[in-house]
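I have placed the structure first, in the form of structure tokens, so that the comments after it can refer back to it.
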Amino acid sequence: MFGRRSANKPGRKDVTVELEEVGAPKYSRVLLKLSGEALMGDKGFGIDPQIVQRIASEIQEVHDLGVEIGVVIGGGNIFRGLAASAQGFDRVSADHMGMLATVVNALALQDALEKLDVHTRVQSAIEMRQVAEMYIRRRAIRHLEKQRVVIFAAGTGNPYFSTDTTAALRAMEIKAEVILKATKVDGIYSADPVKVQNATFLPKISYIDVLTKELMVMDTTAISLCKDNNVPIIVFNIRTSGNIKRVIMGETIGSMVY
Ligand code: UDP
């Protein structure tokens with residue numbers, strides 16, 4: 001299965017050698033959800049190019065193992081519709097602005113991946129043909145099969161939704177085996193670990209517990225979609241280098257929602 005992916009680029013380690021060293025990945029097609037904040041680093045706003053480059057090289061690492069990767073990218077580092085509407089913006093306009101912010105992030109990640117020789121496509125849910133392809137499910141799947149990383153931009157294309165819900169939707173559409181939700185913390189806790197000192201770490205938790213305990217893993221629409229369609233979610237810390245590969249290789253890090 002991985003043989004066809006051995007189109008190694010000059011200077012890269014041979015895929016077969018790599019597989020012998022590390023074993024086969026646990027997943028062959030994944031949906032990685034990156035929040036906008038993940039690209040911001042400690043900057044407080046916008047994009048930190050070094051962080052984007054590091055995340056891109058972690059994606060490259062698993063891509064080199066033959067894993068098919070779709071990425072849904074958020075926009076919270078630039079614009080959040082809900083917060084903006086609380087400040088007086090019309091909600092729908094604010095959400096449109098938020099979705100455009102995700103396109104900015106998608107282009108930043110695409111640039112970083114292409115610098116590493118990883119073939120990519122950005123597919124946008126809002127048409128902007130000079131900048132990105134339109135989202136077309138069958139075409140997205142074909143790109144994945146051809147070893148292109150597909151970055152899904154502009155969320156669902158609809159206001160009142162989030163990029164977490166987009167991740168759930170796209171994961172189902174492309175038949176990803178798992179959603180990898182990259183966060184700033186090690187996984188899911190019984191309460192916000194930043195605010196509550198004795199919050200306990202939950203390595204595994206059911207969808208229904210996430211919903212009833214109102215744990216802020218993903219919004220309820222996203223969790224419900226995953227629950228109804230049995231898509232597991234692994235929540236892990238993106239700030240620790242190498243974690244994308246660890247999760248994909250099947251190491252038990254982070255928390256699983258199942
Ligand atoms: N958004 C939207 N519809 C979608 C996805 C996103 O309207 O399907 C808007 C919404 O305003 C949101 C913003 O885009 O606040 C950025 O997305 P999100 O907050 O999910 O980004 P993240 O928190 O992952 O960085």
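Identifiers in the structure tokens: chain A, B, ... in order shown; residue index from 1 per chain; ligand index from 1 in order shown.
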Next on the checklist: Need to verify the contact set: A:Thr163, 9 Å, only C-alpha atoms, exclusion of same-chain residues closer than 4 positions in sequence. Can you return it as a list in words?
Outcome noted: Lys33, Leu34, Ser35, Val72, Ile73, Gly74, Gly75, Met99, Thr102, Ala153, Ala154, Gly155, Thr156, Ala167, Ala168 and Ala222 of chain A
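Counting only C-alpha atoms, A:Pro159 has the following residues at most 12 Å away, ignoring those fewer than 4 positions along the same chain: Arg80, Gly81, Leu82, Ser85, Asp90, Arg91, Val92, Ser93, Ala94, Asp95, His96, Met97, Gly98, Met99, Leu100, Ala125, Ile126, Ala154, Gly155, Thr163, Thr165 and Thr166 of chain A.
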Item to check | Using only C-alpha atoms: which of A:Met256, A:Lys227, A:Ala191, A:Thr220 has the shortest distance to A:Tyr207 | outcome: A:Lys227
Checklist entry - Per DSSP on the backbone, what are the strand (DSSP E) residues of stretch 3-244 of chain A, as JSON, numbers by chain? => result {"A": [29, 30, 31, 32, 33, 34, 68, 69, 70, 71, 72, 73, 120, 121, 122, 123, 124, 133, 134, 149, 150, 151, 152, 153, 178, 179, 180, 181, 182, 183, 188, 189, 201, 202, 204, 205, 233, 234, 235, 236, 237]}
Next on the checklist: Just to confirm, what's the straight-line distance from atom CA of A:Val62 to atom CA of A:Gly250 in Å (one decimal)?
Outcome noted: 12.2 Å
Item to check | Using only C-alpha atoms and all ligand atoms: which of A:Gln53, A:Ser124, A:Thr252, A:Ser28 has the shortest distance to ligand 1 | outcome: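 When distances to ligand 1 are compared using only C-alpha atoms and all ligand atoms, the smallest one comes from A:Ser124.
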Item to check | Coordinates-based distance that separates atom CA of A:Thr200 from atom CA of A:Leu39 (Å, one decimal) | outcome: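 Straight-line distance from atom CA of A:Leu39 to atom CA of A:Thr200 works out to 27.1 Å.
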Checklist entry - So which one's closest to A:Ser255, A:Ile179, A:Met172, A:Val52, A:Ile151? Using only C-alpha atoms, please. => result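 Closest to A:Ser255 of all the choices is A:Ile179.
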Next on the checklist: Residues of stretch 2-193 of chain A classed as alpha helix (DSSP H) by DSSP on the backbone are to be reported as a PyMOL selection string.
Outcome noted: chain A and resi 15-22+36-40+49-63+81-86+91-115+137-145+163-173
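Across the structure, atom CA of A:Ile174 and atom CA of A:Arg246 are spaced 22.3 Å apart.
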Next on the checklist: Need the shell around A:Ile59: protein/DNA/RNA residues with any atom at most 9 Å away, counting only C-alpha atoms. Skip same-chain ones fewer than 5 positions apart. Format as a ChimeraX atom specification?
Outcome noted: /A:54,64,69,113,149,244-245
Selected residues, C-alpha atoms, written as a compact mmCIF listing (two decimals), in the first residue's frame, please.
```
# COMPACT_ATOMS: atom_id res chain seq x y z
CA ARG A 54 7.19 23.82 11.85
CA ASP A 64 6.18 11.00 3.52
CA ILE A 69 -4.03 14.22 4.86
CA LEU A 113 4.15 22.99 2.56
CA VAL A 149 -2.41 17.45 0.96
CA ILE A 244 1.19 14.84 14.66
CA LYS A 245 3.38 11.86 13.79
```
